[in-house]
Amino acid sequence: MTRVLTVDDSRAIRTMVTKQLTELGFDVDEAEDGEQGLARLAEVTYDLVVLDVTMPVMDGPEMLAQMRGKGNKTPVLMLTSESKTSIIAGCMKLGIEDYILKPFKPEELRAKILKCLRMSPAAQAAPNGGGAGGGTGGGVGVAMAAPVGFAAVEGAGRQFIDVLVVDDMENVHKKLRALLPAHVSMNACVSAQSALAMCRERAYRVLLVDVDIPDVDSASLLGQLRAVQPFAACLGLVLRTSNDPIAMARQLGYDGALVKPFDPDGIQDFLLQYFDKQDVLEIEDNLMKALPYTGREDRKERYYKRLGGLVEQSLESLAAACFDEVILDLRAVPVDPKRLPYLIIGLDEQCKKIGLSLYVVGVPELGRIFAGFSETASVPFFDSLEAARAGA
């Protein structure tokens with residue numbers, strides 16, 4: 001049977017990983033830091049290690065380095081809150097199969113695990129049945145498949161690149177590179193053939209594809225790119241003159257759109273969505289702590305929307321980890337008497353649907369605002385984390 005080791009100092013993350021692996025029919029062991037992880041590896045042979053980057057005692061990169069130094073080539077899936085290429089690049093040199101950014105959805109984690117184990121998604125439908133063997137540990141009843149679109153490299157990790165731009169005009173590449181921060185890596189090409197060749201050699205997080213390349217069937221190219229990069233987001237590069245660029249791109253089969261000519265606001269939204277998931281929210285077990293807003297006044301609306309979206313996305317993970325309640329710390333959030341009540345109303349409704357109780361921590365002014373709305377007055381409100389934890 002396939003055996004996996006999950007190494008993470010967060011009990012919530014370990015529980016969620018264990019739940020997903022158990023549902024696939026795998027055996028799972030847990031460790032709270034790198035030292036415990038190495039001790040487990042000395043005792044047991046694993047098919048995969050799911051490894052967090054930031055941990056006390058010994059972090060993920062150090063554990064990975066010691067593993068490889070001892071000749072242990074067990075595949076590793078890295079969990080990280082950091083989107084900076086420098087952190088991932090260091091792990092790539094030591095040989096990781098893939099990585100996933102926190103917070104993530106259970107189905108995203110499951111897909112990454114199956115990919116790292118070279119298993120097809122059929123494993124999700126019949127984890128305990130008969131049939132083909134799984135991993136190095138024997139029959140787990142899953143369909144085995146070669147990794148899609150990648151050549152296996154013995155003893156080395158694949159090269160991860162953040163963005164691939166496919167556009168027949170080289171000036172588009174230059175303009176975008178100038179607008180992206182240095183830590184976001186980028187490749188570019190001008191033809192469909194080059195795009196497919198690059199996608200077979202490397203793993204990309206986002207593919208940006210011009211929807212109007214001369215002599216290229218955009219729909220056919222998109223289908224081929226998805227086949228070799230099944231986990232990448234695919235966005236269409238659409239001219240600003242289009243009536244509804246996002247609708248147009250989605251109608252063509254893309255996940256969304258990036259409008260050109262590029263503008264700073266559009267690039268900022270793109271970065272926030274795909275590369276800076278931890279810019280406004282920190283999560284530790286069942287505590288979600290909103291980070292201070294430091295941007296311009298005219299962009300504050302985006303901050304609230306992003307905060308709400310990240311909290312909403314992460315609630316499912318907490319429910320999957322079998323928590324009964326979630327504590328949302330809003331003490332660092334700018335107090336807005338209109339936006340925050342509606343944010344809490346929506347989150348409270350979602351919590352009730354998935355079986356979580358919502359507890360809010362905030363400054364006294366925010367408590368008075370919530371008390372003035374019938375929908376938020378019933379949400380437990382506290383002025384400190386200690387009080388919230390005691391109330392929970």
# chains A, B, ... in the order shown; residues from 1 in each chain; ligands from 1
>>> residues_around(residues="Val53 (chain A)", least_positions_apart="4", cutoff="7 Å", atoms="only C-alpha atoms", output="list in words")
Asp59, Gly60, Pro61, Met78, Leu79 and Thr80 of chain A
>>> write_last_selection(atoms="C-alpha atoms", output="mmCIF file, in the first residue's frame")
data_model
loop_
_atom_site.group_PDB
_atom_site.id
_atom_site.type_symbol
_atom_site.label_atom_id
_atom_site.label_comp_id
_atom_site.auth_asym_id
_atom_site.auth_seq_id
_atom_site.Cartn_x
_atom_site.Cartn_y
_atom_site.Cartn_z
ATOM 1 C CA ASP A 59 12.260 23.913 8.361
ATOM 2 C CA GLY A 60 11.316 22.152 5.142
ATOM 3 C CA PRO A 61 14.287 23.183 2.973
ATOM 4 C CA MET A 78 6.281 21.189 -0.984
ATOM 5 C CA LEU A 79 3.604 23.239 0.807
ATOM 6 C CA THR A 80 4.425 26.930 1.026
#
>>> residues_around(residues="region 362-365 of chain A", least_positions_apart="2", cutoff="12 Å", atoms="only C-alpha atoms", output="PyMOL selection string")
chain A and resi 289-290+327-337+340+344+359-360+367-372+380-385+387-388
>>> write_last_selection(atoms="C-alpha atoms", output="PDB file, in the first residue's frame")
ATOM      1  CA  LYS A 289      -5.598  36.856  11.071  1.00  0.00           C
ATOM      2  CA  ALA A 290      -6.204  39.728   8.652  1.00  0.00           C
ATOM      3  CA  ILE A 327     -11.675  32.662  14.760  1.00  0.00           C
ATOM      4  CA  LEU A 328     -11.347  35.678  12.454  1.00  0.00           C
ATOM      5  CA  ASP A 329      -9.038  38.397  13.821  1.00  0.00           C
ATOM      6  CA  LEU A 330      -9.965  41.768  12.266  1.00  0.00           C
ATOM      7  CA  ARG A 331      -8.096  44.049  14.659  1.00  0.00           C
ATOM      8  CA  ALA A 332      -5.659  45.192  11.958  1.00  0.00           C
ATOM      9  CA  VAL A 333      -8.365  45.834   9.345  1.00  0.00           C
ATOM     10  CA  PRO A 334      -9.384  49.447   8.587  1.00  0.00           C
ATOM     11  CA  VAL A 335     -12.821  49.917  10.146  1.00  0.00           C
ATOM     12  CA  ASP A 336     -15.448  50.464   7.473  1.00  0.00           C
ATOM     13  CA  PRO A 337     -19.069  50.664   8.694  1.00  0.00           C
ATOM     14  CA  LEU A 340     -17.213  44.912   7.076  1.00  0.00           C
ATOM     15  CA  ILE A 344     -19.202  39.120   8.044  1.00  0.00           C
ATOM     16  CA  TYR A 359     -16.003  34.020  16.135  1.00  0.00           C
ATOM     17  CA  VAL A 360     -14.806  37.551  15.366  1.00  0.00           C
ATOM     18  CA  GLY A 367     -18.053  45.711  17.857  1.00  0.00           C
ATOM     19  CA  ARG A 368     -20.390  48.693  18.114  1.00  0.00           C
ATOM     20  CA  ILE A 369     -20.931  48.665  14.358  1.00  0.00           C
ATOM     21  CA  PHE A 370     -21.753  44.960  14.321  1.00  0.00           C
ATOM     22  CA  ALA A 371     -24.159  45.408  17.226  1.00  0.00           C
ATOM     23  CA  GLY A 372     -26.157  47.816  15.083  1.00  0.00           C
ATOM     24  CA  PRO A 380     -19.923  36.203  18.740  1.00  0.00           C
ATOM     25  CA  PHE A 381     -17.567  39.205  19.010  1.00  0.00           C
ATOM     26  CA  PHE A 382     -14.478  39.528  21.242  1.00  0.00           C
ATOM     27  CA  ASP A 383     -11.822  42.172  21.850  1.00  0.00           C
ATOM     28  CA  SER A 384      -8.943  39.681  22.275  1.00  0.00           C
ATOM     29  CA  LEU A 385      -7.817  36.283  21.021  1.00  0.00           C
ATOM     30  CA  ALA A 387     -11.416  35.845  25.053  1.00  0.00           C
ATOM     31  CA  ALA A 388     -12.364  34.315  21.710  1.00  0.00           C
TER      32      ALA A 388
END
>>> closest_residue(among="A:Leu237, A:Val228, A:Leu109, A:Ala257", to="Met16 (chain A)", atoms="only C-alpha atoms")
A:Leu109
>>> select_by_dssp(residues="region 23-115 of chain A", states="strand (DSSP E)", output="list in words")
Asp27, Val28, Asp29, Glu30, Ala31, Leu48, Val49, Val50, Leu51, Asp52, Val76, Leu77, Met78, Leu79, Thr80, Asp98, Tyr99, Ile100 and Leu101 of chain A
>>> closest_residue(among="A:Leu221, A:Met288, A:Leu258, A:Leu38", to="Val238 (chain A)", atoms="only C-alpha atoms")
A:Leu258
>>> residues_around(residues="Leu343 (chain A)", least_positions_apart="2", cutoff="12 Å", atoms="only C-alpha atoms", output="JSON, numbers by chain")
{"A": [301, 303, 304, 305, 306, 307, 308, 309, 310, 311, 312, 328, 330, 335, 336, 337, 338, 339, 340, 341, 345, 346, 347, 348, 349, 350, 360, 370, 375, 376]}
>>> write_last_selection(atoms="C-alpha atoms", output="mmCIF file, in the first residue's frame")
data_model
loop_
_atom_site.group_PDB
_atom_site.id
_atom_site.type_symbol
_atom_site.label_atom_id
_atom_site.label_comp_id
_atom_site.auth_asym_id
_atom_site.auth_seq_id
_atom_site.Cartn_x
_atom_site.Cartn_y
_atom_site.Cartn_z
ATOM 1 C CA GLU A 301 -12.146 48.111 -1.964
ATOM 2 C CA TYR A 303 -8.340 44.755 -0.181
ATOM 3 C CA TYR A 304 -11.735 43.971 1.359
ATOM 4 C CA LYS A 305 -12.749 41.806 -1.587
ATOM 5 C CA ARG A 306 -9.471 39.901 -1.476
ATOM 6 C CA LEU A 307 -9.701 39.398 2.268
ATOM 7 C CA GLY A 308 -13.251 38.094 1.983
ATOM 8 C CA GLY A 309 -12.336 35.820 -0.905
ATOM 9 C CA LEU A 310 -9.359 34.280 0.900
ATOM 10 C CA VAL A 311 -11.321 33.709 4.095
ATOM 11 C CA GLU A 312 -14.193 32.154 2.164
ATOM 12 C CA LEU A 328 -11.347 35.678 12.454
ATOM 13 C CA LEU A 330 -9.965 41.768 12.266
ATOM 14 C CA VAL A 335 -12.821 49.917 10.146
ATOM 15 C CA ASP A 336 -15.448 50.464 7.473
ATOM 16 C CA PRO A 337 -19.069 50.664 8.694
ATOM 17 C CA LYS A 338 -20.438 49.499 5.339
ATOM 18 C CA ARG A 339 -18.047 46.901 3.945
ATOM 19 C CA LEU A 340 -17.213 44.912 7.076
ATOM 20 C CA PRO A 341 -20.777 44.093 8.187
ATOM 21 C CA ILE A 345 -22.811 38.430 7.011
ATOM 22 C CA GLY A 346 -21.599 36.469 3.970
ATOM 23 C CA LEU A 347 -18.940 34.572 5.898
ATOM 24 C CA ASP A 348 -21.329 33.700 8.717
ATOM 25 C CA GLU A 349 -23.821 32.280 6.208
ATOM 26 C CA GLN A 350 -21.121 30.131 4.609
ATOM 27 C CA VAL A 360 -14.806 37.551 15.366
ATOM 28 C CA PHE A 370 -21.753 44.960 14.321
ATOM 29 C CA GLU A 375 -27.449 39.966 11.030
ATOM 30 C CA THR A 376 -24.095 40.628 12.727
#
>>> residues_around(residues="Leu222 (chain A)", least_positions_apart="5", cutoff="9 Å", atoms="only C-alpha atoms", output="VMD selection string")
chain A and resid 209 217 227 234 252 to 254
>>> write_last_selection(atoms="N, CA and C atoms", output="PDB file, in the first residue's frame")
ATOM      1  N   VAL A 209      -1.920  33.428 -23.134  1.00  0.00           N
ATOM      2  CA  VAL A 209      -1.926  33.083 -24.555  1.00  0.00           C
ATOM      3  C   VAL A 209      -2.739  34.109 -25.332  1.00  0.00           C
ATOM      4  N   ASP A 217      -5.081  28.195 -34.686  1.00  0.00           N
ATOM      5  CA  ASP A 217      -6.412  27.942 -34.131  1.00  0.00           C
ATOM      6  C   ASP A 217      -6.307  28.048 -32.613  1.00  0.00           C
ATOM      7  N   ALA A 227      -3.444  19.938 -22.143  1.00  0.00           N
ATOM      8  CA  ALA A 227      -3.084  18.512 -22.053  1.00  0.00           C
ATOM      9  C   ALA A 227      -1.704  18.319 -21.438  1.00  0.00           C
ATOM     10  N   CYS A 234      -4.897  29.074 -17.369  1.00  0.00           N
ATOM     11  CA  CYS A 234      -4.755  29.520 -18.756  1.00  0.00           C
ATOM     12  C   CYS A 234      -5.581  30.787 -18.961  1.00  0.00           C
ATOM     13  N   LEU A 252     -14.027  31.294 -25.132  1.00  0.00           N
ATOM     14  CA  LEU A 252     -13.040  30.550 -25.916  1.00  0.00           C
ATOM     15  C   LEU A 252     -12.430  29.390 -25.134  1.00  0.00           C
ATOM     16  N   GLY A 253     -12.782  29.271 -23.846  1.00  0.00           N
ATOM     17  CA  GLY A 253     -12.297  28.157 -23.043  1.00  0.00           C
ATOM     18  C   GLY A 253     -11.209  28.498 -22.050  1.00  0.00           C
ATOM     19  N   TYR A 254     -10.816  29.786 -21.972  1.00  0.00           N
ATOM     20  CA  TYR A 254      -9.785  30.199 -21.024  1.00  0.00           C
ATOM     21  C   TYR A 254     -10.378  30.386 -19.626  1.00  0.00           C
TER      22      TYR A 254
END
>>> atom_distance(atom1="CA of Leu77 (chain A)", atom2="CA of Arg205 (chain A)")
15.1 Å
>>> closest_residue(among="A:Ala203, A:Lys112, A:Gly71, A:Glu386", to="Val361 (chain A)", atoms="only C-alpha atoms")
A:Glu386
>>> closest_residue(among="A:Ala111, A:Thr74, A:Leu164, A:Met58", to="Ile96 (chain A)", atoms="only C-alpha atoms")
A:Thr74
>>> select_by_dssp(residues="region 151-334 of chain A", states="helix (DSSP H, G or I)", output="PDB file with C-alpha atoms, in the first residue's frame")
ATOM      1  CA  GLU A 170       7.916  40.342 -28.924  1.00  0.00           C
ATOM      2  CA  ASN A 171       7.116  43.813 -27.614  1.00  0.00           C
ATOM      3  CA  VAL A 172       4.296  42.244 -25.587  1.00  0.00           C
ATOM      4  CA  HIS A 173       6.884  40.072 -23.833  1.00  0.00           C
ATOM      5  CA  LYS A 174       9.109  43.077 -23.080  1.00  0.00           C
ATOM      6  CA  LYS A 175       6.243  45.194 -21.729  1.00  0.00           C
ATOM      7  CA  LEU A 176       4.983  42.447 -19.438  1.00  0.00           C
ATOM      8  CA  ARG A 177       8.453  41.592 -18.137  1.00  0.00           C
ATOM      9  CA  ALA A 178       8.953  45.252 -17.229  1.00  0.00           C
ATOM     10  CA  LEU A 179       5.710  45.293 -15.222  1.00  0.00           C
ATOM     11  CA  ALA A 192       2.395  27.618 -30.978  1.00  0.00           C
ATOM     12  CA  GLN A 193       5.170  25.106 -31.680  1.00  0.00           C
ATOM     13  CA  SER A 194       7.564  26.839 -29.280  1.00  0.00           C
ATOM     14  CA  ALA A 195       4.844  27.068 -26.619  1.00  0.00           C
ATOM     15  CA  LEU A 196       4.150  23.327 -26.757  1.00  0.00           C
ATOM     16  CA  ALA A 197       7.860  22.489 -26.677  1.00  0.00           C
ATOM     17  CA  MET A 198       8.428  24.678 -23.606  1.00  0.00           C
ATOM     18  CA  CYS A 199       5.374  23.253 -21.846  1.00  0.00           C
ATOM     19  CA  ARG A 200       6.691  19.719 -22.324  1.00  0.00           C
ATOM     20  CA  GLU A 201       9.998  20.642 -20.687  1.00  0.00           C
ATOM     21  CA  SER A 218      -6.665  29.392 -30.610  1.00  0.00           C
ATOM     22  CA  ALA A 219      -9.080  26.731 -29.349  1.00  0.00           C
ATOM     23  CA  SER A 220      -6.906  23.885 -30.640  1.00  0.00           C
ATOM     24  CA  LEU A 221      -3.755  25.415 -29.146  1.00  0.00           C
ATOM     25  CA  LEU A 222      -5.475  25.888 -25.807  1.00  0.00           C
ATOM     26  CA  GLY A 223      -6.533  22.238 -25.752  1.00  0.00           C
ATOM     27  CA  GLN A 224      -2.986  21.084 -26.473  1.00  0.00           C
ATOM     28  CA  LEU A 225      -1.519  23.343 -23.807  1.00  0.00           C
ATOM     29  CA  ARG A 226      -4.002  22.102 -21.201  1.00  0.00           C
ATOM     30  CA  ALA A 227      -3.084  18.512 -22.053  1.00  0.00           C
ATOM     31  CA  VAL A 228       0.594  19.075 -21.220  1.00  0.00           C
ATOM     32  CA  PRO A 245     -12.589  40.712 -22.398  1.00  0.00           C
ATOM     33  CA  ILE A 246     -13.180  38.220 -19.583  1.00  0.00           C
ATOM     34  CA  ALA A 247     -16.425  36.919 -21.090  1.00  0.00           C
ATOM     35  CA  MET A 248     -14.762  36.658 -24.477  1.00  0.00           C
ATOM     36  CA  ALA A 249     -11.823  34.684 -23.083  1.00  0.00           C
ATOM     37  CA  ARG A 250     -14.052  32.318 -21.107  1.00  0.00           C
ATOM     38  CA  GLN A 251     -16.206  31.725 -24.166  1.00  0.00           C
ATOM     39  CA  PRO A 264      -0.513  48.712 -13.649  1.00  0.00           C
ATOM     40  CA  ASP A 265      -3.917  48.046 -12.054  1.00  0.00           C
ATOM     41  CA  GLY A 266      -4.556  45.043 -14.282  1.00  0.00           C
ATOM     42  CA  ILE A 267      -1.117  43.612 -13.567  1.00  0.00           C
ATOM     43  CA  GLN A 268      -1.606  44.179  -9.845  1.00  0.00           C
ATOM     44  CA  ASP A 269      -4.896  42.268  -9.896  1.00  0.00           C
ATOM     45  CA  PHE A 270      -3.204  39.470 -11.845  1.00  0.00           C
ATOM     46  CA  LEU A 271      -0.393  39.229  -9.287  1.00  0.00           C
ATOM     47  CA  LEU A 272      -2.788  39.267  -6.345  1.00  0.00           C
ATOM     48  CA  GLN A 273      -4.836  36.438  -7.818  1.00  0.00           C
ATOM     49  CA  TYR A 274      -2.032  34.093  -8.801  1.00  0.00           C
ATOM     50  CA  GLU A 297      -7.140  54.742  -0.416  1.00  0.00           C
ATOM     51  CA  ASP A 298      -8.653  54.217  -3.864  1.00  0.00           C
ATOM     52  CA  ARG A 299      -7.623  50.535  -3.818  1.00  0.00           C
ATOM     53  CA  LYS A 300      -9.059  49.699  -0.416  1.00  0.00           C
ATOM     54  CA  GLU A 301     -12.146  48.111  -1.964  1.00  0.00           C
ATOM     55  CA  ARG A 302      -9.913  45.476  -3.559  1.00  0.00           C
ATOM     56  CA  TYR A 303      -8.340  44.755  -0.181  1.00  0.00           C
ATOM     57  CA  TYR A 304     -11.735  43.971   1.359  1.00  0.00           C
ATOM     58  CA  LYS A 305     -12.749  41.806  -1.587  1.00  0.00           C
ATOM     59  CA  ARG A 306      -9.471  39.901  -1.476  1.00  0.00           C
ATOM     60  CA  LEU A 307      -9.701  39.398   2.268  1.00  0.00           C
ATOM     61  CA  GLY A 308     -13.251  38.094   1.983  1.00  0.00           C
ATOM     62  CA  GLY A 309     -12.336  35.820  -0.905  1.00  0.00           C
ATOM     63  CA  LEU A 310      -9.359  34.280   0.900  1.00  0.00           C
ATOM     64  CA  VAL A 311     -11.321  33.709   4.095  1.00  0.00           C
ATOM     65  CA  GLU A 312     -14.193  32.154   2.164  1.00  0.00           C
ATOM     66  CA  GLN A 313     -11.800  29.913   0.241  1.00  0.00           C
ATOM     67  CA  SER A 314     -10.062  28.775   3.425  1.00  0.00           C
ATOM     68  CA  LEU A 315     -13.233  27.904   5.349  1.00  0.00           C
ATOM     69  CA  GLU A 316     -13.617  24.663   3.416  1.00  0.00           C
ATOM     70  CA  SER A 317     -10.112  23.621   4.464  1.00  0.00           C
ATOM     71  CA  LEU A 318     -10.955  24.197   8.135  1.00  0.00           C
ATOM     72  CA  ALA A 319     -14.165  22.225   7.810  1.00  0.00           C
ATOM     73  CA  ALA A 320     -12.227  19.410   6.105  1.00  0.00           C
TER      74      ALA A 320
END
>>> residues_around(residues="region 23-36 of chain A", least_positions_apart="6", cutoff="6 Å", atoms="only C-alpha atoms", output="list of chain:residue names")
A:Thr2, A:Arg3, A:Val4, A:Leu5, A:Thr6, A:Val7, A:Asp8, A:Asp9, A:Met55, A:Met58, A:Asp59, A:Met63, A:Gln124, A:Pro127, A:Asn128
>>> atom_distance(atom1="CA of Met119 (chain A)", atom2="CA of Ala12 (chain A)")
25.5 Å
